[in-house]
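Content type PDB, C-alpha atoms, from the file upload.pdb:
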```pdb
MODEL        1
ATOM      1  CA  ARG A  20      13.334  -0.144  78.545
ATOM      2  CA  GLU A  21      11.453  -1.032  81.763
ATOM      3  CA  GLY A  22      11.629  -4.685  82.826
ATOM      4  CA  PHE A  23      14.484  -5.548  80.472
ATOM      5  CA  MET A  24      18.150  -5.353  81.412
ATOM      6  CA  ILE A  25      21.207  -5.639  79.242
ATOM      7  CA  VAL A  26      24.315  -4.363  80.992
ATOM      8  CA  ASP A  27      26.925  -2.593  78.872
ATOM      9  CA  VAL A  28      30.168  -3.881  80.368
ATOM     10  CA  ALA A  29      32.477  -1.863  78.089
ATOM     11  CA  PRO A  30      33.621   0.445  80.960
ATOM     12  CA  LEU A  31      34.641  -2.662  82.956
ATOM     13  CA  LEU A  32      36.435  -4.219  80.002
ATOM     14  CA  ARG A  33      38.328  -0.959  79.332
ATOM     15  CA  GLY A  34      39.341  -0.766  82.984
ATOM     16  CA  GLU A  35      37.624   2.584  83.525
ATOM     17  CA  VAL A  36      35.653   1.212  86.483
ATOM     18  CA  ASN A  37      35.757  -1.982  88.491
ATOM     19  CA  ARG A  38      32.093  -1.962  89.521
ATOM     20  CA  LEU A  39      28.776  -1.342  87.750
ATOM     21  CA  GLU A  40      25.689  -0.886  89.921
ATOM     22  CA  ILE A  41      22.494  -2.611  88.767
ATOM     23  CA  ASP A  42      19.053  -1.475  89.898
ATOM     24  CA  TYR A  43      15.984  -2.125  87.757
ATOM     25  CA  MET A  44      12.496  -3.652  87.683
ATOM     26  CA  LEU A  45      12.009  -7.083  86.070
ATOM     27  CA  SER A  46       8.523  -7.879  84.775
ATOM     28  CA  PRO A  47       7.273 -11.264  86.056
ATOM     29  CA  THR A  48       4.602 -11.535  83.334
ATOM     30  CA  GLY A  49       3.794 -15.155  82.605
ATOM     31  CA  LEU A  50       6.292 -16.343  85.199
ATOM     32  CA  ILE A  51       4.115 -18.550  87.421
ATOM     33  CA  ASP A  52       0.537 -19.758  86.835
ATOM     34  CA  GLY A  53      -2.006 -19.140  89.588
ATOM     35  CA  VAL A  54       0.066 -16.418  91.229
ATOM     36  CA  THR A  55      -0.474 -12.695  90.769
ATOM     37  CA  PHE A  56       2.147 -10.035  91.263
ATOM     38  CA  ASP A  57       1.488  -6.536  92.641
ATOM     39  CA  SER A  58       4.526  -5.121  90.973
ATOM     40  CA  ASP A  59       7.615  -6.064  89.045
ATOM     41  CA  ALA A  60      10.544  -7.683  90.807
ATOM     42  CA  ARG A  61      13.035  -5.177  92.182
ATOM     43  CA  VAL A  62      16.511  -6.283  91.129
ATOM     44  CA  ARG A  63      19.586  -4.749  92.742
ATOM     45  CA  GLY A  64      23.211  -5.638  92.775
ATOM     46  CA  ALA A  65      26.455  -5.124  90.951
ATOM     47  CA  LEU A  66      28.806  -6.449  88.354
ATOM     48  CA  THR A  67      32.380  -6.311  89.626
ATOM     49  CA  ASP A  68      35.737  -6.858  87.975
ATOM     50  CA  ASN A  69      38.662  -7.995  90.075
ATOM     51  CA  ALA A  70      41.735  -8.303  87.833
ATOM     52  CA  GLY A  71      39.728  -9.806  84.955
ATOM     53  CA  TYR A  72      37.514 -11.985  87.147
ATOM     54  CA  MET A  73      33.987 -10.635  86.658
ATOM     55  CA  ARG A  74      31.257 -11.493  89.128
ATOM     56  CA  LEU A  75      27.542 -10.704  88.939
ATOM     57  CA  VAL A  76      25.739 -10.495  92.307
ATOM     58  CA  LEU A  77      22.029  -9.664  92.349
ATOM     59  CA  ARG A  78      19.097  -9.811  94.731
ATOM     60  CA  ALA A  79      15.557  -9.930  93.356
ATOM     61  CA  GLU A  80      12.467  -9.292  95.486
ATOM     62  CA  LEU A  81       9.078 -10.157  94.049
ATOM     63  CA  PRO A  82       5.807  -9.416  95.922
ATOM     64  CA  TYR A  83       3.105 -12.012  95.187
ATOM     65  CA  HIS A  84      -0.478 -13.130  95.919
ATOM     66  CA  GLY A  85      -1.758 -16.664  95.671
ATOM     67  CA  GLU A  86      -3.741 -19.174  97.660
ATOM     68  CA  CYS A  87      -2.741 -21.855 100.126
ATOM     69  CA  ALA A  88      -2.418 -25.239  98.448
ATOM     70  CA  ARG A  89      -4.067 -26.915 101.471
ATOM     71  CA  CYS A  90      -6.851 -24.595 102.668
ATOM     72  CA  LEU A  91      -7.223 -22.082  99.791
ATOM     73  CA  ALA A  92      -6.709 -19.089 102.119
ATOM     74  CA  PRO A  93      -5.092 -16.034 100.509
ATOM     75  CA  VAL A  94      -1.305 -16.036 100.788
ATOM     76  CA  ASP A  95       0.732 -12.843 100.376
ATOM     77  CA  GLY A  96       4.469 -12.581 100.524
ATOM     78  CA  VAL A  97       7.695 -11.413  98.980
ATOM     79  CA  PHE A  98       9.868 -13.999  97.284
ATOM     80  CA  SER A  99      13.562 -13.097  97.595
ATOM     81  CA  LEU A 100      16.243 -14.595  95.430
ATOM     82  CA  ASP A 101      20.006 -14.199  95.662
ATOM     83  CA  PHE A 102      21.617 -14.645  92.260
ATOM     84  CA  GLU A 103      25.380 -14.959  91.796
ATOM     85  CA  ARG A 104      27.279 -15.895  88.655
ATOM     86  CA  THR A 105      30.770 -15.643  87.255
ATOM     87  CA  VAL A 106      30.828 -13.783  83.948
ATOM     88  CA  THR A 107      32.637 -15.467  81.068
ATOM     89  CA  THR A 108      33.116 -14.505  77.433
ATOM     90  CA  GLU A 109      31.730 -16.422  74.461
ATOM     91  CA  GLY A 110      33.894 -19.352  73.404
ATOM     92  CA  THR A 111      35.750 -19.575  76.739
ATOM     93  CA  ILE A 112      33.697 -22.571  77.841
ATOM     94  CA  ASP A 113      32.495 -25.300  75.456
ATOM     95  CA  GLU A 114      28.728 -24.992  74.690
ATOM     96  CA  ASP A 115      27.928 -28.481  76.070
ATOM     97  CA  LYS A 116      29.898 -27.776  79.243
ATOM     98  CA  LEU A 117      28.209 -24.371  79.568
ATOM     99  CA  ASP A 118      24.758 -26.019  79.768
ATOM    100  CA  GLU A 119      26.004 -28.096  82.716
ATOM    101  CA  LEU A 120      27.472 -25.004  84.389
ATOM    102  CA  ALA A 121      24.476 -22.686  83.788
ATOM    103  CA  ASP A 122      24.032 -22.196  87.529
ATOM    104  CA  GLU A 123      27.621 -20.940  87.838
ATOM    105  CA  TYR A 124      28.225 -18.806  84.729
ATOM    106  CA  VAL A 125      26.587 -16.177  82.535
ATOM    107  CA  VAL A 126      27.999 -15.429  79.099
ATOM    108  CA  LEU A 127      29.038 -12.025  77.881
ATOM    109  CA  ASN A 128      27.955 -11.284  74.300
ATOM    110  CA  GLY A 129      30.514  -8.771  73.057
ATOM    111  CA  ASN A 130      30.139  -5.814  75.457
ATOM    112  CA  GLU A 131      26.634  -6.805  76.553
ATOM    113  CA  LEU A 132      25.448  -9.009  79.376
ATOM    114  CA  ASP A 133      21.820 -10.182  79.310
ATOM    115  CA  VAL A 134      20.767 -10.246  82.958
ATOM    116  CA  ASP A 135      17.070 -11.051  82.397
ATOM    117  CA  GLU A 136      17.173 -14.502  80.853
ATOM    118  CA  PRO A 137      19.228 -16.286  83.546
ATOM    119  CA  LEU A 138      17.476 -14.347  86.327
ATOM    120  CA  ARG A 139      13.983 -15.219  85.019
ATOM    121  CA  GLU A 140      14.983 -18.876  84.809
ATOM    122  CA  GLU A 141      16.246 -18.819  88.386
ATOM    123  CA  LEU A 142      13.057 -17.101  89.610
ATOM    124  CA  LEU A 143      10.990 -19.754  87.862
ATOM    125  CA  LEU A 144      13.027 -22.611  89.355
ATOM    126  CA  GLY A 145      13.262 -21.070  92.816
ATOM    127  CA  PHE A 146       9.670 -19.903  93.303
ATOM    128  CA  PRO A 147       7.739 -22.264  95.616
ATOM    129  CA  THR A 148       5.728 -24.851  93.696
ATOM    130  CA  ARG A 149       3.070 -24.786  96.439
ATOM    131  CA  LEU A 150       2.180 -21.774  98.544
ATOM    132  CA  LEU A 151       1.128 -22.420 102.156
ATOM    133  CA  CYS A 152      -0.527 -20.018 104.614
ATOM    134  CA  SER A 153       1.624 -21.688 107.311
ATOM    135  CA  ASP A 154       3.929 -24.688 107.416
ATOM    136  CA  ASP A 155       1.561 -26.534 109.745
ATOM    137  CA  CYS A 156      -1.654 -25.805 107.785
ATOM    138  CA  GLU A 157      -3.943 -28.829 108.126
ATOM    139  CA  GLY A 158      -6.070 -27.940 105.107
ATOM    140  CA  LEU A 159      -9.825 -28.402 104.825
ATOM    141  CA  CYS A 160     -12.198 -30.884 106.431
ATOM    142  CA  PRO A 161     -12.759 -33.563 103.783
ATOM    143  CA  LYS A 162     -16.468 -33.734 104.717
ATOM    144  CA  CYS A 163     -17.700 -30.160 105.069
ATOM    145  CA  GLY A 164     -14.819 -28.194 103.530
ATOM    146  CA  ARG A 165     -14.308 -25.931 106.548
ATOM    147  CA  PRO A 166     -10.686 -24.847 107.148
ATOM    148  CA  LYS A 167      -9.292 -26.922 110.023
ATOM    149  CA  ARG A 168      -7.457 -23.842 111.387
ATOM    150  CA  GLU A 169     -10.886 -22.453 112.393
ATOM    151  CA  GLY A 170     -11.332 -25.258 114.904
ATOM    152  CA  ASP A 171     -13.222 -28.534 115.102
ATOM    153  CA  CYS A 172     -16.229 -28.636 112.786
ATOM    154  CA  GLY A 173     -17.749 -31.691 114.485
ATOM    155  CA  CYS A 174     -17.645 -33.909 111.414
ATOM    156  CA  VAL A 175     -17.143 -37.621 112.076
ATOM    157  CA  LEU A 176     -14.292 -38.588 109.822
ATOM    158  CA  LYS A 177     -13.938 -42.215 110.862
ATOM    159  CA  GLU A 178     -16.375 -44.219 108.808
ATOM    160  CA  ILE A 179     -17.001 -47.914 109.102
ATOM    161  CA  ASP A 180     -16.642 -49.891 105.909
ATOM    162  CA  PRO A 181     -20.231 -50.929 105.049
ATOM    163  CA  ARG A 182     -19.015 -54.465 104.334
ATOM    164  CA  LEU A 183     -17.832 -54.755 107.923
ATOM    165  CA  ALA A 184     -20.748 -52.937 109.606
ATOM    166  CA  VAL A 185     -22.523 -56.245 110.267
ATOM    167  CA  LEU A 186     -19.615 -57.309 112.480
ATOM    168  CA  LYS A 187     -20.100 -54.247 114.696
ATOM    169  CA  ASN A 188     -23.654 -55.373 115.416
ATOM    170  CA  PHE A 189     -22.426 -58.909 116.039
ATOM    171  CA  PHE A 190     -19.985 -57.766 118.730
ATOM    172  CA  ASP A 191     -22.577 -55.439 120.303
ATOM    173  CA  LYS A 192     -25.040 -58.373 120.561
ATOM    174  CA  ASP A 193     -22.308 -60.542 122.086
ATOM    175  CA  GLN A 194     -21.718 -57.878 124.800
ATOM    176  CA  ASP A 195     -25.458 -57.741 125.630
ATOM    177  CA  GLU A 196     -25.587 -61.499 126.354
ATOM    178  CA  LYS A 197     -22.883 -61.331 129.084
TER     179      LYS A 197
ENDMDL
END
```

Show me, as structure tokens, the structure contained in the file I just sent.
Amino acid sequence: REGFMIVDVAPLLRGEVNRLEIDYMLSPTGLIDGVTFDSDARVRGALTDNAGYMRLVLRAELPYHGECARCLAPVDGVFSLDFERTVTTEGTIDEDKLDELADEYVVLNGNELDVDEPLREELLLGFPTRLLCSDDCEGLCPKCGRPKREGDCGCVLKEIDPRLAVLKNFFDKDQDEK
């Protein structure tokens, strides 16, 4: 079904082929809060077998909309993720060890390889935690809220602590007497 990928690796295991092409759409529903997605992530790649050494190599591209974390301007982009794992069979690696090596291996369940779960996890971990309209975005003026990228708003940002304001007058008076 659309947005769900389980690869049947039986042809690889039987030696009939040494490469299975993968091309499908992965639904990003509920993936990241505050970000909307125009479409599903396009996932392309292959599962290859080289003398019993199986390797999964995928690239996911996910178009998104959000807002700049500093100035709230709309931010559009395409998040790209390269995903590579060695495929191992169940029981080959101890369960505890497998948790530590999750970023290196995916586990084959019989003749089936679940591509979605590890890929979703990687998308979630890899997606930027804060979107920016540009790396040098200065954000908003703390006084009037105008985006600083639109130029100087004229707000005076340096305020004198009211407890020390009396000293300013003291020094001004001292200058007048000279």

Picked residues, the PyMOL selection byres ((chain A and resi 174) around 9), expected as a compact mmCIF listing (two decimals) with C-alpha atoms, in the coordinates of the input:
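As written to disk, out-v7.txt reads:
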```txt
# COMPACT_ATOMS: atom_id res chain seq x y z
CA CYS A 160 -12.20 -30.88 106.43
CA LYS A 162 -16.47 -33.73 104.72
CA CYS A 163 -17.70 -30.16 105.07
CA ASP A 171 -13.22 -28.53 115.10
CA CYS A 172 -16.23 -28.64 112.79
CA GLY A 173 -17.75 -31.69 114.48
CA VAL A 175 -17.14 -37.62 112.08
CA LEU A 176 -14.29 -38.59 109.82
```

Quick one: pull the distance between atom CA of Glu141 of chain A and atom CA of Gly158 of chain A, Å, one decimal. 29.3 Å

Result set of the PyMOL selection byres ((chain A and resi 86) around 9) on the coordinates above, as a PyMOL selection string: chain A and resi 53-54+84-85+87-95+149-152

My list of candidates is A:Gly164, A:Pro30, A:Gly145, A:Gly170. Which is closest to Asp68 of chain A when distances are computed with all atoms listed in the file?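 For Asp68 of chain A, the nearest of the given residues is A:Pro30.
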
Between atom CA of Pro147 of chain A and atom CA of Arg165 of chain A, measure the distance and give it in Å to one decimal.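 Going from atom CA of Pro147 of chain A over to atom CA of Arg165 of chain A covers 24.9 Å.
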
What does the distance between atom CA of Thr148 of chain A and atom CA of Asp59 of chain A come to in Å, to one decimal place?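 Computing the Euclidean distance for atom CA of Thr148 of chain A and atom CA of Asp59 of chain A yields 19.4 Å.
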
My list of candidates is A:Val62, A:Leu138, A:Ala184, A:Met73. Which is closest to Asn37 of chain A when distances are computed with all atoms listed in the file?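 For Asn37 of chain A, the nearest of the given residues is A:Met73.
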
Residue with smallest distance to Lys177 of chain A - pool A:Thr108, A:Val76, A:Pro161, A:Ala65, counting all atoms listed in the file: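 Of all the options, A:Pro161 lies closest to Lys177 of chain A.
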
Chain and number of each residue from the PyMOL selection byres ((chain A and resi 47) around 12), as a PyMOL selection string: chain A and resi 21-23+44-46+48-52+54-62+79-83+98+135-136+138-143+146
